[in-house]
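Asks: What follows is my_file37.txt, compact mmCIF, C-alpha atoms and all ligand atoms.
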# COMPACT_ATOMS: atom_id res chain seq x y z
CA MET A 1 163.22 141.00 38.02
CA SER A 2 163.89 139.25 34.73
CA ALA A 3 162.22 135.87 35.35
CA VAL A 4 158.70 135.09 34.22
CA ILE A 5 156.62 133.98 37.22
CA MET A 6 155.03 130.56 36.81
CA ASP A 7 151.70 131.25 38.49
CA GLY A 8 150.69 128.04 40.27
CA LYS A 9 147.50 129.58 41.60
CA ALA A 10 146.22 130.45 38.12
CA ILE A 11 147.27 127.07 36.68
CA SER A 12 145.59 125.31 39.57
CA LYS A 13 142.36 127.24 38.91
CA GLU A 14 142.52 126.31 35.24
CA ILE A 15 142.98 122.58 36.01
CA GLN A 16 140.24 122.62 38.67
CA ALA A 17 137.84 124.09 36.09
CA GLU A 18 138.75 121.26 33.69
CA ILE A 19 138.25 118.64 36.42
CA ALA A 20 134.92 120.19 37.51
CA ALA A 21 133.58 120.04 33.95
CA GLU A 22 134.63 116.39 33.55
CA VAL A 23 133.29 115.40 36.97
CA ALA A 24 129.91 116.99 36.13
CA THR A 25 129.65 114.99 32.90
CA PHE A 26 130.78 111.78 34.61
CA THR A 27 128.31 112.17 37.48
CA LYS A 28 125.46 112.94 35.08
CA GLN A 29 126.22 109.89 32.94
CA SER A 30 127.07 107.36 35.67
CA GLY A 31 125.07 108.61 38.66
CA ILE A 32 128.30 108.36 40.69
CA THR A 33 129.74 111.30 42.60
CA PRO A 34 133.47 110.80 43.27
CA CYS A 35 134.23 110.81 46.99
CA LEU A 36 137.44 111.43 48.94
CA ALA A 37 137.75 110.21 52.54
CA ALA A 38 140.36 112.10 54.57
CA VAL A 39 141.71 110.59 57.78
CA LEU A 40 143.25 112.95 60.31
CA VAL A 41 144.73 111.60 63.54
CA GLY A 42 145.55 114.02 66.37
CA ASP A 43 145.32 117.80 66.31
CA ASP A 44 148.34 119.12 64.44
CA PRO A 45 147.19 122.63 63.36
CA ALA A 46 149.06 122.56 60.01
CA SER A 47 147.48 119.18 59.15
CA GLU A 48 144.04 120.56 59.98
CA VAL A 49 144.61 123.46 57.56
CA TYR A 50 145.78 121.08 54.81
CA VAL A 51 142.72 118.83 55.26
CA ARG A 52 140.39 121.86 55.24
CA ASN A 53 141.96 123.09 51.98
CA LYS A 54 141.46 119.67 50.41
CA HIS A 55 137.83 119.65 51.56
CA ARG A 56 137.24 123.08 49.96
CA ALA A 57 138.89 121.98 46.71
CA CYS A 58 136.58 118.94 46.64
CA GLU A 59 133.57 121.24 46.91
CA ARG A 60 134.85 123.40 44.04
CA VAL A 61 135.17 120.49 41.60
CA GLY A 62 132.01 118.56 42.58
CA ILE A 63 133.73 115.81 44.59
CA LYS A 64 132.19 114.66 47.88
CA SER A 65 134.47 114.55 50.89
CA GLN A 66 134.35 112.73 54.20
CA MET A 67 136.42 113.77 57.18
CA HIS A 68 137.41 111.10 59.72
CA LYS A 69 139.00 112.92 62.65
CA LEU A 70 140.46 110.65 65.30
CA PRO A 71 142.04 111.58 68.65
CA ALA A 72 145.84 111.45 69.09
CA SER A 73 145.30 108.49 71.46
CA THR A 74 144.00 106.32 68.55
CA THR A 75 145.79 102.96 68.37
CA GLU A 76 147.31 101.56 65.21
CA GLU A 77 144.73 98.75 65.22
CA GLU A 78 141.84 101.23 65.46
CA LEU A 79 143.25 103.20 62.54
CA LEU A 80 143.75 100.03 60.48
CA SER A 81 140.17 99.03 61.21
CA LEU A 82 138.90 102.41 59.90
CA ILE A 83 141.03 102.02 56.76
CA ASP A 84 139.61 98.53 56.25
CA SER A 85 136.06 99.89 56.36
CA LEU A 86 136.95 102.71 53.93
CA ASN A 87 138.60 100.15 51.62
CA GLN A 88 135.29 98.21 51.59
CA ALA A 89 132.97 101.25 51.22
CA SER A 90 131.66 101.33 47.66
CA ASP A 91 130.83 105.05 47.88
CA VAL A 92 134.45 106.00 48.80
CA HIS A 93 136.85 106.26 45.85
CA GLY A 94 139.92 107.93 47.33
CA ILE A 95 141.50 107.57 50.77
CA LEU A 96 143.87 110.16 52.11
CA ILE A 97 145.84 109.60 55.33
CA GLN A 98 147.06 113.02 56.44
CA LEU A 99 150.71 112.86 57.51
CA PRO A 100 152.45 113.02 59.89
CA LEU A 101 150.74 110.41 62.06
CA PRO A 102 151.35 110.56 65.83
CA SER A 103 154.52 108.83 67.02
CA GLY A 104 153.81 105.28 68.06
CA ILE A 105 151.87 104.56 64.86
CA ASP A 106 153.77 102.72 62.14
CA THR A 107 153.19 105.05 59.18
CA LEU A 108 154.34 102.58 56.52
CA ARG A 109 152.09 99.82 57.89
CA VAL A 110 149.13 102.22 57.77
CA LEU A 111 149.87 103.49 54.25
CA ASP A 112 150.39 99.94 53.00
CA ALA A 113 146.90 99.03 54.29
CA VAL A 114 145.15 101.44 51.89
CA ASN A 115 143.55 99.72 48.90
CA PRO A 116 146.00 100.59 46.05
CA ARG A 117 143.03 101.46 43.81
CA LYS A 118 141.93 104.10 46.33
CA ASP A 119 145.49 105.29 47.07
CA VAL A 120 145.11 108.80 45.64
CA ASP A 121 148.42 109.97 47.16
CA ALA A 122 150.23 107.20 45.19
CA PHE A 123 152.21 106.16 48.28
CA HIS A 124 151.40 102.42 48.16
CA PRO A 125 154.34 100.24 47.01
CA GLU A 126 152.16 98.81 44.21
CA ASN A 127 151.57 102.31 42.83
CA VAL A 128 155.21 103.34 43.29
CA GLY A 129 156.22 100.18 41.38
CA LEU A 130 153.81 100.98 38.54
CA ILE A 131 155.22 104.52 38.29
CA SER A 132 158.79 103.21 38.16
CA GLN A 133 157.78 100.86 35.33
CA GLY A 134 156.32 103.76 33.37
CA ARG A 135 152.69 102.58 33.64
CA PRO A 136 151.31 104.65 36.51
CA ARG A 137 147.85 104.15 37.96
CA PHE A 138 148.05 107.46 39.86
CA LEU A 139 150.77 110.10 39.72
CA PRO A 140 152.00 111.46 43.08
CA CYS A 141 150.35 114.84 43.65
CA THR A 142 153.29 117.21 44.20
CA PRO A 143 155.55 115.90 41.41
CA HIS A 144 152.54 115.75 39.08
CA GLY A 145 151.75 119.36 40.01
CA VAL A 146 155.32 120.39 39.17
CA GLN A 147 155.05 118.61 35.83
CA GLN A 148 151.76 120.38 35.06
CA ILE A 149 153.35 123.77 35.83
CA LEU A 150 156.32 123.06 33.56
CA ASP A 151 154.08 121.72 30.80
CA ARG A 152 151.57 124.55 30.91
CA CYS A 153 154.33 127.18 31.05
CA GLY A 154 155.87 125.74 27.90
CA VAL A 155 159.10 124.49 29.48
CA GLU A 156 160.74 122.05 27.07
CA LEU A 157 162.31 119.22 29.07
CA SER A 158 163.43 116.69 26.49
CA GLY A 159 167.19 116.19 26.68
CA LYS A 160 167.54 118.99 29.24
CA HIS A 161 169.45 118.59 32.49
CA ALA A 162 167.11 118.70 35.49
CA VAL A 163 168.63 118.79 38.98
CA ILE A 164 166.36 117.79 41.86
CA VAL A 165 167.56 118.80 45.31
CA GLY A 166 165.96 116.34 47.77
CA ARG A 167 165.34 112.59 47.55
CA SER A 168 162.24 112.08 49.71
CA ASP A 169 159.67 109.39 48.86
CA ILE A 170 157.01 112.10 48.55
CA VAL A 171 158.77 114.62 46.31
CA GLY A 172 162.36 114.06 45.14
CA LYS A 173 162.30 110.38 44.21
CA PRO A 174 158.96 110.30 42.35
CA MET A 175 159.85 113.62 40.69
CA SER A 176 162.90 111.95 39.18
CA MET A 177 160.72 109.16 37.77
CA LEU A 178 158.31 111.62 36.14
CA LEU A 179 161.10 113.75 34.67
CA THR A 180 162.85 110.75 33.13
CA ALA A 181 159.58 109.24 31.82
CA LYS A 182 159.79 108.11 28.23
CA ASP A 183 156.09 108.02 27.44
CA SER A 184 153.32 110.49 28.13
CA THR A 185 150.72 109.48 30.69
CA HIS A 186 147.99 111.45 32.42
CA GLY A 187 148.29 114.69 30.47
CA PRO A 188 151.75 116.27 30.44
CA GLN A 189 154.14 115.50 27.61
CA ALA A 190 156.73 112.78 28.23
CA ALA A 191 159.56 114.61 29.94
CA ASN A 192 162.63 112.73 28.69
CA ALA A 193 164.94 114.89 30.82
CA THR A 194 168.39 113.89 32.05
CA VAL A 195 168.06 113.94 35.83
CA THR A 196 170.49 114.36 38.71
CA ILE A 197 169.15 113.84 42.24
CA CYS A 198 171.01 115.62 45.03
CA HIS A 199 170.80 115.16 48.80
CA SER A 200 172.67 116.03 51.98
CA ARG A 201 175.71 113.94 51.00
CA THR A 202 176.07 115.38 47.50
CA ARG A 203 179.50 116.87 46.88
CA ASN A 204 179.89 120.17 45.03
CA LEU A 205 176.16 120.81 45.20
CA ALA A 206 176.47 124.40 43.95
CA GLU A 207 178.44 123.24 40.92
CA VAL A 208 175.93 120.48 40.13
CA CYS A 209 173.04 122.95 40.42
CA ARG A 210 174.85 125.46 38.18
CA SER A 211 174.89 122.87 35.41
CA ALA A 212 171.08 122.55 35.51
CA ASP A 213 168.67 123.80 32.88
CA VAL A 214 165.89 123.13 35.37
CA ILE A 215 166.22 123.09 39.18
CA ILE A 216 163.57 121.53 41.40
CA ALA A 217 164.19 122.45 45.05
CA ALA A 218 162.59 120.15 47.66
CA VAL A 219 164.87 120.48 50.66
CA GLY A 220 162.85 122.09 53.46
CA ILE A 221 165.44 124.80 54.26
CA ALA A 222 164.48 128.46 53.75
CA ASN A 223 166.38 130.23 50.94
CA PHE A 224 168.70 127.22 50.48
CA VAL A 225 169.17 127.69 46.72
CA THR A 226 171.15 130.90 46.29
CA VAL A 227 171.85 132.88 43.14
CA GLU A 228 175.40 131.45 42.96
CA MET A 229 173.85 127.98 42.47
CA VAL A 230 171.75 128.94 39.44
CA LYS A 231 172.81 129.23 35.80
CA PRO A 232 171.47 132.43 34.16
CA GLY A 233 168.37 131.50 32.17
CA ALA A 234 167.60 128.34 34.16
CA VAL A 235 164.02 127.40 35.09
CA VAL A 236 163.56 127.17 38.88
CA VAL A 237 160.72 125.33 40.65
CA ASP A 238 160.47 125.82 44.41
CA VAL A 239 158.62 123.03 46.22
CA GLY A 240 159.71 124.12 49.71
CA ILE A 241 157.32 125.46 52.32
CA ASN A 242 159.11 126.97 55.31
CA ARG A 243 157.48 128.97 58.08
CA THR A 244 159.80 131.80 59.15
CA ASP A 245 159.47 135.07 61.08
CA GLU A 246 159.06 136.75 57.67
CA GLY A 247 156.16 134.42 56.83
CA LEU A 248 155.98 131.51 54.40
CA VAL A 249 159.08 131.15 52.20
CA GLY A 250 160.39 128.53 49.83
CA ASP A 251 163.73 126.76 49.47
CA VAL A 252 164.93 129.29 46.88
CA ASP A 253 166.23 132.80 47.53
CA PHE A 254 163.47 134.20 45.34
CA ALA A 255 164.54 137.87 45.41
CA ALA A 256 168.02 137.16 44.01
CA VAL A 257 167.33 134.07 41.87
CA SER A 258 164.39 135.70 40.08
CA GLN A 259 166.89 138.28 38.72
CA ILE A 260 168.72 135.65 36.65
CA ALA A 261 166.30 132.72 36.11
CA SER A 262 164.16 132.62 32.97
CA GLN A 263 161.09 131.24 34.77
CA ILE A 264 160.45 130.69 38.48
CA THR A 265 157.64 129.61 40.83
CA PRO A 266 156.82 131.81 43.83
CA VAL A 267 156.08 130.65 47.40
CA PRO A 268 153.26 130.87 48.23
CA GLY A 269 151.25 130.57 45.02
CA GLY A 270 153.54 128.15 43.18
CA VAL A 271 153.58 124.39 43.63
CA GLY A 272 151.37 124.31 46.76
CA PRO A 273 147.99 124.90 45.05
CA LEU A 274 148.81 122.27 42.42
CA THR A 275 149.37 119.55 45.04
CA VAL A 276 145.76 119.85 46.20
CA THR A 277 144.46 120.06 42.64
CA MET A 278 146.25 116.90 41.55
CA LEU A 279 144.66 115.13 44.53
CA MET A 280 141.28 116.05 43.01
CA TYR A 281 142.52 114.73 39.66
CA ASN A 282 143.48 111.40 41.27
CA THR A 283 140.20 111.09 43.18
CA PHE A 284 138.27 111.53 39.95
CA ASP A 285 140.57 108.97 38.26
CA ALA A 286 139.93 106.54 41.15
CA ALA A 287 136.17 106.95 40.77
CA LYS A 288 136.43 106.18 37.04
CA LEU A 289 138.70 103.20 37.74
CA LEU A 290 136.48 101.72 40.44
CA SER A 291 133.31 102.14 38.40
CA SER A 292 134.69 100.65 35.17
P1 LIG B 1 162.28 115.69 53.46
O1 LIG B 1 162.77 116.30 54.72
O2 LIG B 1 161.65 114.35 53.49
O3 LIG B 1 163.50 115.64 52.41
C1 LIG B 1 164.41 116.68 52.30
C2 LIG B 1 165.50 116.30 51.35
O4 LIG B 1 166.42 117.38 51.28
C3 LIG B 1 166.28 115.06 51.78
O5 LIG B 1 166.50 114.21 50.68
C4 LIG B 1 167.60 115.64 52.30
O6 LIG B 1 168.72 114.81 52.07
C5 LIG B 1 167.73 116.89 51.44
N1 LIG B 1 168.61 117.84 52.12
C6 LIG B 1 168.53 118.28 53.40
N2 LIG B 1 169.56 119.11 53.67
C7 LIG B 1 170.31 119.17 52.55
C8 LIG B 1 171.50 119.85 52.20
N3 LIG B 1 172.15 120.62 53.07
N4 LIG B 1 171.98 119.68 50.95
C9 LIG B 1 171.36 118.91 50.04
N5 LIG B 1 170.21 118.24 50.32
C10 LIG B 1 169.69 118.37 51.55
O7 LIG B 1 161.31 116.78 52.82
P2 LIG B 1 160.13 116.65 51.71
O8 LIG B 1 160.66 116.15 50.43
O9 LIG B 1 158.95 116.01 52.31
O10 LIG B 1 159.78 118.20 51.56
C11 LIG B 1 160.73 119.13 51.08
C12 LIG B 1 160.12 120.52 51.17
O11 LIG B 1 158.98 120.57 50.32
C13 LIG B 1 159.60 120.90 52.57
O12 LIG B 1 159.78 122.30 52.72
C14 LIG B 1 158.12 120.58 52.50
O13 LIG B 1 157.36 121.36 53.39
C15 LIG B 1 157.81 120.93 51.07
N6 LIG B 1 156.69 120.24 50.49
C16 LIG B 1 155.83 121.00 49.76
C17 LIG B 1 154.75 120.42 49.14
C18 LIG B 1 153.89 121.31 48.33
O14 LIG B 1 152.75 120.96 48.08
N7 LIG B 1 154.39 122.43 47.83
C19 LIG B 1 154.44 119.01 49.28
C20 LIG B 1 155.45 118.25 50.01
C21 LIG B 1 156.52 118.88 50.59
P3 LIG B 1 168.93 113.38 52.84
O15 LIG B 1 167.99 112.44 52.12
O16 LIG B 1 170.36 113.08 52.61
O17 LIG B 1 168.55 113.61 54.26
Take the structure from the file and write it as C-alpha cells.
Replies:
Amino acid sequence: MSAVIMDGKAISKEIQAEIAAEVATFTKQSGITPCLAAVLVGDDPASEVYVRNKHRACERVGIKSQMHKLPASTTEEELLSLIDSLNQASDVHGILIQLPLPSGIDTLRVLDAVNPRKDVDAFHPENVGLISQGRPRFLPCTPHGVQQILDRCGVELSGKHAVIVGRSDIVGKPMSMLLTAKDSTHGPQAANATVTICHSRTRNLAEVCRSADVIIAAVGIANFVTVEMVKPGAVVVDVGINRTDEGLVGDVDFAAVSQIASQITPVPGGVGPLTVTMLMYNTFDAAKLLSS
C-alpha cells in the first residue's frame, strides 16, 4: 500500500479531548452543562446503535444527554408536540431527530419544527441558508468531519479540484458548500477548492473522477469508486457505510485504490467517528449561543 491512512478514529479522539477541555472550562465558568436531546421514533436497530454512540460521546466530553424514545405508532402531531417542548426547555441546547422516521411521518415538517438555534444537525432551512451565504451558525456534522480530517492531515485544498460523488442534502450538497468556502469559519482553513458534484445522471463519471485531486465518495454503493476512477496521488475520502457479507465497507475499493492514492480514509475508522464528534462540537456551540 502506498497511501497514507487518514485515521479518523485518532483525529476524532483528538477533537473530543479539545471539546472536553473547553466544555469543562465553560461549565465551571457559567454553571451550564451543555445538553443534547435525542429523539428516536420506532425500533430500527441501526438507529438505536447510532443514538447509543452519540450518548457515549456526550459522556466522554462532559455533555448531558436525554433520550426520548417513542413507539413506531407515534403520530406526527405527538412528535411535533415533543419537539415544541424541547424547543422551550431552557436546559436543552441541542435537538437531534434520528433519521429515518417511520413512513407516514413528514420528515421535512418535523425537521423544520426544530428551533434553528438548537438544530445541531444543521438541517433546518435557516441554517442551510446561512451556510450557503458563508456565515454558518452550525456546520453539518459529516461534511464538517471530512473537512477536519483533510485539515488535520495537511491536505491543501486551495485551487485544487475536488470531485464529490453524491448530492444528498446531508452529505454531498453541504460538502460542496464547505469545500468552496472563501472564508474560514469554525476551525478548518477556508477550503477555496474548485468543486464538481456528481450524481446518478453524471456522464463520464470515471473520467470526471480521474481529473480530481481530491475525491469525496458519498454514494451508498459498496466499492463503487474503483482504481480506474482515481488519479495516482489523489486524496480519497470515503463517506460510505455499506453493510455487506464481508462486513462494513465503504464506497471505495480500498484494497486497490490505496495502492495509488496519496492519502485515504478507511471504513470503518474514517469519517464515521468524526460525524459523532462534530455533533458534540455543535451541541457545545449551541450551549454557548443560547447562553450568550
Ligand atoms: P443518498 O442515498 O441520499 O445519496 C446518494 C447519492 O449518490 C445521490 O446523490 C445519488 O444520485 C448518488 N448516486 C447513486 N448511484 C450513483 C451512481 N451510479 N453514480 C453516481 N452517483 C450515484 O445517500 P447519503 O448521502 O445519505 O449517504 C451516502 C453514503 O454515506 C451512504 O453509504 C451512507 O450510509 C453514508 N453516510 C455516512 C455517514 C458517516 O458518518 N460516515 C453519514 C451520512 C451518510 P441521485 O441524486 O442522482 O440519486
Asks: Could you list, as a tab-separated table (two decimals) with C-alpha atoms, in the frame of the given file, all the residues within 6 Å of ligand LIG 1 (chain B), counting all atoms listed in the file?
Replies:
chain	number	residue	atom	x	y	z
A	142	THR	CA	153.29	117.21	44.20
A	165	VAL	CA	167.56	118.80	45.31
A	166	GLY	CA	165.96	116.34	47.77
A	167	ARG	CA	165.34	112.59	47.55
A	168	SER	CA	162.24	112.08	49.71
A	170	ILE	CA	157.01	112.10	48.55
A	171	VAL	CA	158.77	114.62	46.31
A	172	GLY	CA	162.36	114.06	45.14
A	198	CYS	CA	171.01	115.62	45.03
A	199	HIS	CA	170.80	115.16	48.80
A	200	SER	CA	172.67	116.03	51.98
A	201	ARG	CA	175.71	113.94	51.00
A	218	ALA	CA	162.59	120.15	47.66
A	219	VAL	CA	164.87	120.48	50.66
A	220	GLY	CA	162.85	122.09	53.46
A	239	VAL	CA	158.62	123.03	46.22
A	240	GLY	CA	159.71	124.12	49.71
A	241	ILE	CA	157.32	125.46	52.32
A	242	ASN	CA	159.11	126.97	55.31
A	271	VAL	CA	153.58	124.39	43.63
A	272	GLY	CA	151.37	124.31	46.76
A	275	THR	CA	149.37	119.55	45.04
Asks: Here's a test: counting only C-alpha atoms, identify every protein, DNA and RNA residue with an atom at most 12 Å from (133.7, 102.8, 53.0) in the file's coordinate frame, and state them as a ChimeraX atom specification.
Replies: /A:35-38,65-66,68,81-95,114-115,118
Asks: Using all atoms listed in the file, determine which residues lie at most 8 Å from A:Ile63, disregarding the query and same-chain residues fewer than 4 positions distant; provide the list as a PyMOL selection string.
Replies: chain A and resi 23+33-36+58-59+280+284
Asks: Which residues are near A:Ser132? Cut-off 12 Å, all atoms listed in the file, ignore same chain within fewer than 3 positions. Put them as a list in words.
Replies: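 Final neighbour list, sorted by chain and number: Ala122, Pro125, Glu126, Asn127, Val128, Gly129, Arg135, Pro136, Arg137, Phe138, Leu139, Pro140, Lys173, Pro174, Met175, Ser176, Met177, Leu178, Leu179, Thr180, Ala181 and Lys182 of chain A.
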Asks: To one decimal in Å, tell me the separation between atom CA of A:Leu80 and atom CA of A:Thr107.
Replies: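 Those two atoms sit 10.8 Å apart.
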